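Have a look at the structure below, then the notes.
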Amino acid sequence: MGLDKVTKVEIAAHTSVMDDLLEYLQTLSIIQVDPHSVKQWESDKTEIEKGRERLSNLKNKLTEVTRAIEYLERYAPKVSIFQKFSIQPEELPLDELKERVKKSNAELVLDSAIELQKKEDELNTRIKELQLAVEELEPFKSFTPKLIQLTELKTTGVFISKLDKETAERIFAEQKSPLIHIEKIYEDETKVYFYLIYHRRAEEEAEKLIREYRLEAISLPSECKKSVEILEEKKRAIQELLKKRAEISDKARELAGRINLLKYLSDWLETEIEKESVKERLFFTKKVFLIHGWIKESDFSKLVKELEKYREVSCSIIEREKEEIPPVVYKNNRFVSPFELIVNLYSPPNPKEIDPTPILAPFYALFFGICLTEAGYGLVIALLSFLALVFLKPRGGMRKFLNLFLLLGISTFVVGALIGTVFGINFDALPENLQWLKEARYKIMIFDSSKDVLTFFGLSLALGVLHLITGYVIKIYMLIRDGEWVEAVCDHLPWIFLLLAPAPKVLIKMMPQYEGILNSLFYALIALWAGIILIFSERSTLNPIKRIGKGLFTLYGVSGVLGDVLSYSRLLALGLATGVIAGVMNTLAKMVREIPVVGIVGFVGVLIVGHLFNLFISGLSAFVHSIRLQFMEFFTKFFTGEGELLTPFSEKRRYTFVPMNSTKKG
């Protein structure tokens, strides 16, 4: 349950090897670089400004590359979802990645992609403008006057607008001056387009009409052409632009075949940005720079050995500042480490605590299996996780995630075989030729969770009691380890006595001949719990009234402990629900099967969709509620968290993999 030991180190080196050393440390990926703790002097500001300028340039370059990749990916050959997941990124050491970027013409590809995207964006903007103009002119294609004539009238004014049909009918029917005329130009399903023509002597009345109906003017091109002529010109212009865009698309499609060059460049830039960002945490002068950081104690000798190639570098362990809190590193085997994901959802442990993962792992796997209680679903989860691990070959967090669900699937399969169901099958209703399955099932099963509900309920509460006692034991161990044995005995041990008290009563049914002894043990446990709490809850005073008063108040905490125990009844509820819903899906499928012609297809469809739905919903519930039991009932007894994981200075890549156990050659 211990965490790996972490120590603080200082690396001092000549500035001439800064870039090479940082790159080497990046490939080692074993040291977390923290802001330097040198307080007596300031870093050389000239070097700081140079680093910031280069970092800014690298980030701008990466933005261009990212935009170019996104643009070319639109023209790259489409791949199926399965191919996306099955194609593994290329493994490249940093030296080889740099060499490929150096020798390739990635810059030329980048410039070409940016230029093509710029031209395409300009064409798209122009096409949209023309299409909008066409849409605006379309209602006026039957409008016969040349449009420039509308602006050359001296004694007459023209106002073109549109209205909804109902309002248009009102304006057409309204009594107007003989010097005002309104005529419809075009009508669609919702709007009526019209022009209002008036003599200049009736201009005031026309303007009043425009204000009354809140008419908005439609501007038409002022050209010596008819609407239909302008419309045709714009449509031809659109076709010409579309041809040019198609040519650009062909060039982009051809350029997309070299997109990998941009991906190499992107990964190199990401790595360089990470390296330049680290420089802001260093202390340096014109000749010397210092690196302060954290490393696992077991990796320190490796670091010293690796740095022997540099004559200008020294490495040593230094004392941490009093206020500094070191990062933490888990130290778990391959079966426990996937459950670190669950702990991290709450918080990594702080350096003063123990790692709860080895204790959480079996409880969480068991609780998940009981909540699902479906051997068939467990088999599906385990099989899918295993296939994903084999064929997708994931790394890092995704690999841990799949390993976690592989273990949870196995746990669910075992629990389902011992007390649960298999795809909701009613074994009692099996035909004669399949009775052997029923017999085999009952040989494996401990009890049937759907029939022996009280046994299932008792098991859930018993596991809850064991879980809570484990939490208290860990807390007592931590307190005794830190020399706080009085608090351990007086504040936490009594609650273990209380949780153990029901055990003798349960054992009486199994061993009635020892009823007297077991009853005495029951009362002794209750007495120890109540006595220690009453007398020792308040230890800061000798006043008996205050001590007993505080003790009585503390005894009220029994309601919280009993509430914690009852929380584990959710294991029963979720376990029963999964099997019931699975059985309902089977019943629905049988009903659909009776439908003529499509019955078989519907039967299979309902089974697949129904069980997948149940697997998703019940699996999600099992995942969430098992976490809740850990966080709300278990962790509250001993765990605070608030730690930070060691984050080694390493390469950051998106499109290629860093080879496993790869380091730069000296």
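FYI, nothing fancy with the structure tokens labels: chains A, B, ... in order, residues from 1 per chain, ligands from 1 as they appear.
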Next item on the list: Fewer than 4 positions away in the same chain doesn't count, so skip those; otherwise give me all residues within 12 Å of Arg311 of chain A, counting only C-alpha atoms, as JSON, numbers by chain.
Entry: {"A": [12, 13, 14, 16, 17, 21, 304, 306, 307, 315]}
Write the residues of the preceding selection, restricted to all heavy atoms, as a compact mmCIF listing (two decimals), in the first residue's frame.
```txt
# COMPACT_ATOMS: atom_id res chain seq x y z
N ALA A 12 22.90 20.94 -12.62
CA ALA A 12 23.61 22.16 -13.02
C ALA A 12 24.40 21.87 -14.28
O ALA A 12 25.05 20.82 -14.39
CB ALA A 12 24.55 22.62 -11.90
N ALA A 13 24.34 22.79 -15.25
CA ALA A 13 25.02 22.54 -16.53
C ALA A 13 25.40 23.84 -17.20
O ALA A 13 24.87 24.92 -16.87
CB ALA A 13 24.11 21.72 -17.44
N HIS A 14 26.32 23.74 -18.15
CA HIS A 14 26.74 24.90 -18.93
C HIS A 14 25.68 25.19 -19.99
O HIS A 14 25.07 24.27 -20.55
CB HIS A 14 28.09 24.61 -19.60
CG HIS A 14 28.76 25.84 -20.13
ND1 HIS A 14 28.51 26.33 -21.40
CD2 HIS A 14 29.65 26.70 -19.55
CE1 HIS A 14 29.22 27.43 -21.59
NE2 HIS A 14 29.92 27.68 -20.48
N SER A 16 25.85 25.97 -22.94
CA SER A 16 26.15 25.47 -24.29
C SER A 16 25.47 24.13 -24.57
O SER A 16 25.28 23.77 -25.73
CB SER A 16 27.67 25.32 -24.46
OG SER A 16 28.20 24.40 -23.53
N VAL A 17 25.12 23.38 -23.51
CA VAL A 17 24.48 22.08 -23.73
C VAL A 17 23.00 22.11 -23.35
O VAL A 17 22.37 21.06 -23.21
CB VAL A 17 25.20 20.97 -22.91
CG1 VAL A 17 26.63 20.82 -23.36
CG2 VAL A 17 25.12 21.26 -21.40
N LEU A 21 20.75 18.85 -23.64
CA LEU A 21 20.44 18.20 -22.36
C LEU A 21 18.93 18.11 -22.14
O LEU A 21 18.41 17.06 -21.73
CB LEU A 21 21.09 18.97 -21.22
CG LEU A 21 20.78 18.47 -19.80
CD1 LEU A 21 21.25 17.04 -19.63
CD2 LEU A 21 21.40 19.38 -18.75
N VAL A 304 21.86 9.71 -13.01
CA VAL A 304 23.27 10.06 -12.86
C VAL A 304 24.11 9.34 -13.91
O VAL A 304 25.00 9.94 -14.54
CB VAL A 304 23.77 9.71 -11.44
CG1 VAL A 304 25.28 9.89 -11.33
CG2 VAL A 304 23.06 10.57 -10.40
N GLU A 306 23.12 8.17 -16.82
CA GLU A 306 22.81 8.67 -18.17
C GLU A 306 23.48 10.01 -18.44
O GLU A 306 23.82 10.33 -19.58
CB GLU A 306 21.30 8.81 -18.35
CG GLU A 306 20.52 7.50 -18.33
CD GLU A 306 20.73 6.67 -19.59
OE1 GLU A 306 21.27 7.22 -20.57
OE2 GLU A 306 20.37 5.49 -19.59
N LEU A 307 23.68 10.82 -17.38
CA LEU A 307 24.25 12.15 -17.57
C LEU A 307 25.77 12.15 -17.56
O LEU A 307 26.39 13.21 -17.71
CB LEU A 307 23.72 13.10 -16.48
CG LEU A 307 22.22 13.39 -16.52
CD1 LEU A 307 21.84 14.36 -15.41
CD2 LEU A 307 21.79 13.95 -17.87
N CYS A 315 24.74 16.37 -11.24
CA CYS A 315 23.40 16.06 -10.73
C CYS A 315 23.51 15.65 -9.28
O CYS A 315 24.39 14.87 -8.91
CB CYS A 315 22.80 14.93 -11.57
SG CYS A 315 21.15 14.45 -11.04
```
Notebook entry, point to check: Which polymer residues have any atom within 10 Å of an atom of Lys400 of chain A, counting only C-alpha atoms, with same-chain residues fewer than 6 positions away left out, as a list of chain:residue names?
Noted result: A:Arg334, A:Phe335, A:Ser337, A:Pro338, A:Phe339, A:Glu340, A:Leu341, A:Leu389, A:Pro394, A:Leu406
Deliver the residues from the most recent selection as a file, using C-alpha atoms, as a tab-separated table (two decimals), in the first residue's frame.
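Output file out.tsv follows:
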```
chain	number	residue	atom	x	y	z
A	334	ARG	CA	-0.27	-4.89	-13.35
A	335	PHE	CA	-3.45	-6.24	-11.73
A	337	SER	CA	-2.61	-0.40	-11.39
A	338	PRO	CA	-5.78	-0.17	-13.59
A	339	PHE	CA	-7.74	0.72	-10.45
A	340	GLU	CA	-5.59	3.83	-10.03
A	341	LEU	CA	-8.03	5.39	-12.52
A	389	LEU	CA	-6.24	-4.76	-26.13
A	394	PRO	CA	-3.56	1.07	-26.95
A	406	LEU	CA	-11.18	-6.68	-18.53
```
Item checked: Interatomic distance (Å, one decimal) between atom CA of Ser112 of chain A and atom CA of Asn60 of chain A ->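 These atoms are spaced 17.2 Å apart.
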Next item on the list: Would you kindly return, as a list in words, each protein, DNA or RNA residue with an atom no farther than 12 Å from any atom of Glu169 of chain A, considering only C-alpha atoms and excluding same-chain residues fewer than 3 positions away?
Entry: Lys162, Leu163, Asp164, Lys165, Glu166, Phe172, Ala173, Glu174, Ile182, Glu183, Lys184, Glu187, Lys191, Val192, Tyr193, Phe194 and Tyr213 of chain A
Can those selected residues be exported to a file as a JSON list (two decimals), in the first residue's frame so that it contains N, CA, C and O atoms?
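Dumped everything to selection39.json:
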```json
[["chain", "number", "residue", "atom", "x", "y", "z"],
["A", 162, "LYS", "N", -41.28, 43.75, -49.98],
["A", 162, "LYS", "CA", -42.00, 42.48, -49.88],
["A", 162, "LYS", "C", -42.77, 42.48, -48.57],
["A", 162, "LYS", "O", -42.41, 43.16, -47.59],
["A", 163, "LEU", "N", -43.85, 41.70, -48.54],
["A", 163, "LEU", "CA", -44.70, 41.56, -47.37],
["A", 163, "LEU", "C", -45.25, 40.15, -47.31],
["A", 163, "LEU", "O", -45.29, 39.43, -48.32],
["A", 164, "ASP", "N", -45.69, 39.75, -46.11],
["A", 164, "ASP", "CA", -46.41, 38.48, -46.04],
["A", 164, "ASP", "C", -47.75, 38.64, -46.74],
["A", 164, "ASP", "O", -48.25, 39.75, -46.94],
["A", 165, "LYS", "N", -48.34, 37.52, -47.13],
["A", 165, "LYS", "CA", -49.53, 37.55, -48.01],
["A", 165, "LYS", "C", -50.69, 38.32, -47.39],
["A", 165, "LYS", "O", -51.37, 39.11, -48.07],
["A", 166, "GLU", "N", -50.93, 38.09, -46.13],
["A", 166, "GLU", "CA", -52.08, 38.74, -45.48],
["A", 166, "GLU", "C", -51.94, 40.25, -45.47],
["A", 166, "GLU", "O", -52.87, 40.99, -45.81],
["A", 172, "PHE", "N", -52.75, 46.24, -50.90],
["A", 172, "PHE", "CA", -53.28, 46.31, -52.27],
["A", 172, "PHE", "C", -54.71, 46.87, -52.26],
["A", 172, "PHE", "O", -55.11, 47.62, -53.15],
["A", 173, "ALA", "N", -55.49, 46.48, -51.23],
["A", 173, "ALA", "CA", -56.90, 46.88, -51.19],
["A", 173, "ALA", "C", -57.11, 48.29, -50.65],
["A", 173, "ALA", "O", -58.19, 48.87, -50.81],
["A", 174, "GLU", "N", -56.11, 48.86, -50.02],
["A", 174, "GLU", "CA", -56.27, 50.18, -49.41],
["A", 174, "GLU", "C", -56.48, 51.27, -50.47],
["A", 174, "GLU", "O", -55.87, 51.24, -51.54],
["A", 182, "ILE", "N", -49.50, 50.31, -56.87],
["A", 182, "ILE", "CA", -48.76, 49.14, -56.34],
["A", 182, "ILE", "C", -49.05, 47.94, -57.24],
["A", 182, "ILE", "O", -50.21, 47.64, -57.52],
["A", 183, "GLU", "N", -47.98, 47.27, -57.65],
["A", 183, "GLU", "CA", -48.17, 46.11, -58.54],
["A", 183, "GLU", "C", -47.29, 44.95, -58.07],
["A", 183, "GLU", "O", -46.13, 45.13, -57.70],
["A", 184, "LYS", "N", -47.89, 43.75, -58.09],
["A", 184, "LYS", "CA", -47.18, 42.53, -57.66],
["A", 184, "LYS", "C", -46.16, 42.12, -58.72],
["A", 184, "LYS", "O", -46.45, 42.12, -59.91],
["A", 187, "GLU", "N", -44.73, 36.08, -56.34],
["A", 187, "GLU", "CA", -45.36, 35.57, -55.12],
["A", 187, "GLU", "C", -44.90, 34.13, -54.89],
["A", 187, "GLU", "O", -44.91, 33.30, -55.81],
["A", 191, "LYS", "N", -44.45, 34.93, -49.14],
["A", 191, "LYS", "CA", -44.19, 36.35, -49.38],
["A", 191, "LYS", "C", -44.74, 36.82, -50.72],
["A", 191, "LYS", "O", -44.91, 36.03, -51.66],
["A", 192, "VAL", "N", -45.00, 38.10, -50.75],
["A", 192, "VAL", "CA", -45.41, 38.76, -51.99],
["A", 192, "VAL", "C", -44.41, 39.89, -52.25],
["A", 192, "VAL", "O", -44.20, 40.76, -51.41],
["A", 193, "TYR", "N", -43.77, 39.85, -53.43],
["A", 193, "TYR", "CA", -42.83, 40.90, -53.84],
["A", 193, "TYR", "C", -43.59, 41.88, -54.75],
["A", 193, "TYR", "O", -44.34, 41.45, -55.65],
["A", 194, "PHE", "N", -43.38, 43.17, -54.55],
["A", 194, "PHE", "CA", -44.14, 44.17, -55.31],
["A", 194, "PHE", "C", -43.32, 45.46, -55.44],
["A", 194, "PHE", "O", -42.30, 45.63, -54.77],
["A", 213, "TYR", "N", -46.80, 50.58, -43.03],
["A", 213, "TYR", "CA", -46.64, 49.13, -43.21],
["A", 213, "TYR", "C", -45.21, 48.66, -42.94],
["A", 213, "TYR", "O", -44.89, 47.49, -43.15]]
```
Next item on the list: Compile the contact shell of Glu203 of chain A as JSON, numbers by chain: residues with an atom at most 12 Å away, counting only C-alpha atoms, same-chain residues fewer than 2 positions apart removed.
Entry: {"A": [155, 156, 157, 158, 159, 177, 179, 180, 181, 196, 197, 198, 199, 200, 201, 205, 206, 207, 208, 209, 210]}
Note to self: With only C-alpha atoms as the counted atoms, please give the residues lying no more than 6 Å from segment 442-453 of chain A, apart from itself and same-chain residues fewer than 4 positions off, as JSON, numbers by chain.
What the structure shows: {"A": [418, 419, 420]}
Output file for the selection above: C-alpha atoms, as a short mmCIF file (atom, residue, chain, number, x, y, z; two decimals), in the first residue's frame:
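So the final result, stored in again.cif, reads:
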```
data_model
loop_
_atom_site.label_atom_id
_atom_site.label_comp_id
_atom_site.auth_asym_id
_atom_site.auth_seq_id
_atom_site.Cartn_x
_atom_site.Cartn_y
_atom_site.Cartn_z
CA LEU A 418 -21.92 -18.09 -8.49
CA ILE A 419 -25.11 -16.18 -7.60
CA GLY A 420 -26.60 -14.56 -10.69
#
```
Next item on the list: Identify, with DSSP run on backbone atoms, the residues in segment 250-349 of chain A assigned to strand (DSSP E), and express the list as an NGL selection string.
Entry: :A and (283-284 or 288-296 or 313-317)
Notebook entry, point to check: Which residue out of A:Leu97, A:Glu122, A:Ile218, A:Asp19 has the minimum interatomic distance to Gly51 of chain A when only C-alpha atoms are used?
Noted result: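 Answer, going by the shortest atom-to-atom distance: A:Asp19.
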Note to self: If I take atom CA of Val329 of chain A and atom CA of Leu290 of chain A, how far is one from the other in Å, to one decimal?
What the structure shows: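 Between atom CA of Val329 of chain A and atom CA of Leu290 of chain A the gap is 23.9 Å.
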Item checked: Residue neighbourhood Leu231 of chain A, 12 Å, only C-alpha atoms, exclusion window fewer than 2 positions, as a ChimeraX atom specification -> /A:130-143,220-221,223,225-229,233-238
Item checked: Of the listed residues A:Glu538, A:Glu53, A:Leu62, A:Glu594, that which approaches Thr271 of chain A most closely, counting only C-alpha atoms ->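 With only C-alpha atoms as the atom set, the closest residue is A:Leu62.
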Check: With distances taken over only C-alpha atoms, which of A:Asn350, A:Asn124, A:Ser277, A:Ser43 is nearest to Leu646 of chain A?
Finding: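 Once distances to Leu646 of chain A are computed over only C-alpha atoms, the minimum belongs to A:Asn350.
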Notebook entry, point to check: Of the candidates A:Lys509, A:Ala530, A:Leu615, A:His292, which shows the shortest atom-to-atom distance to Glu321 of chain A, using only C-alpha atoms?
Noted result: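 Selected residue with least distance to Glu321 of chain A: A:His292.
Nearest residue to Ile87 of chain A, choosing from A:Asn403, A:Thr541, A:Thr357, A:Thr656 and counting only C-alpha atoms: A:Thr656.
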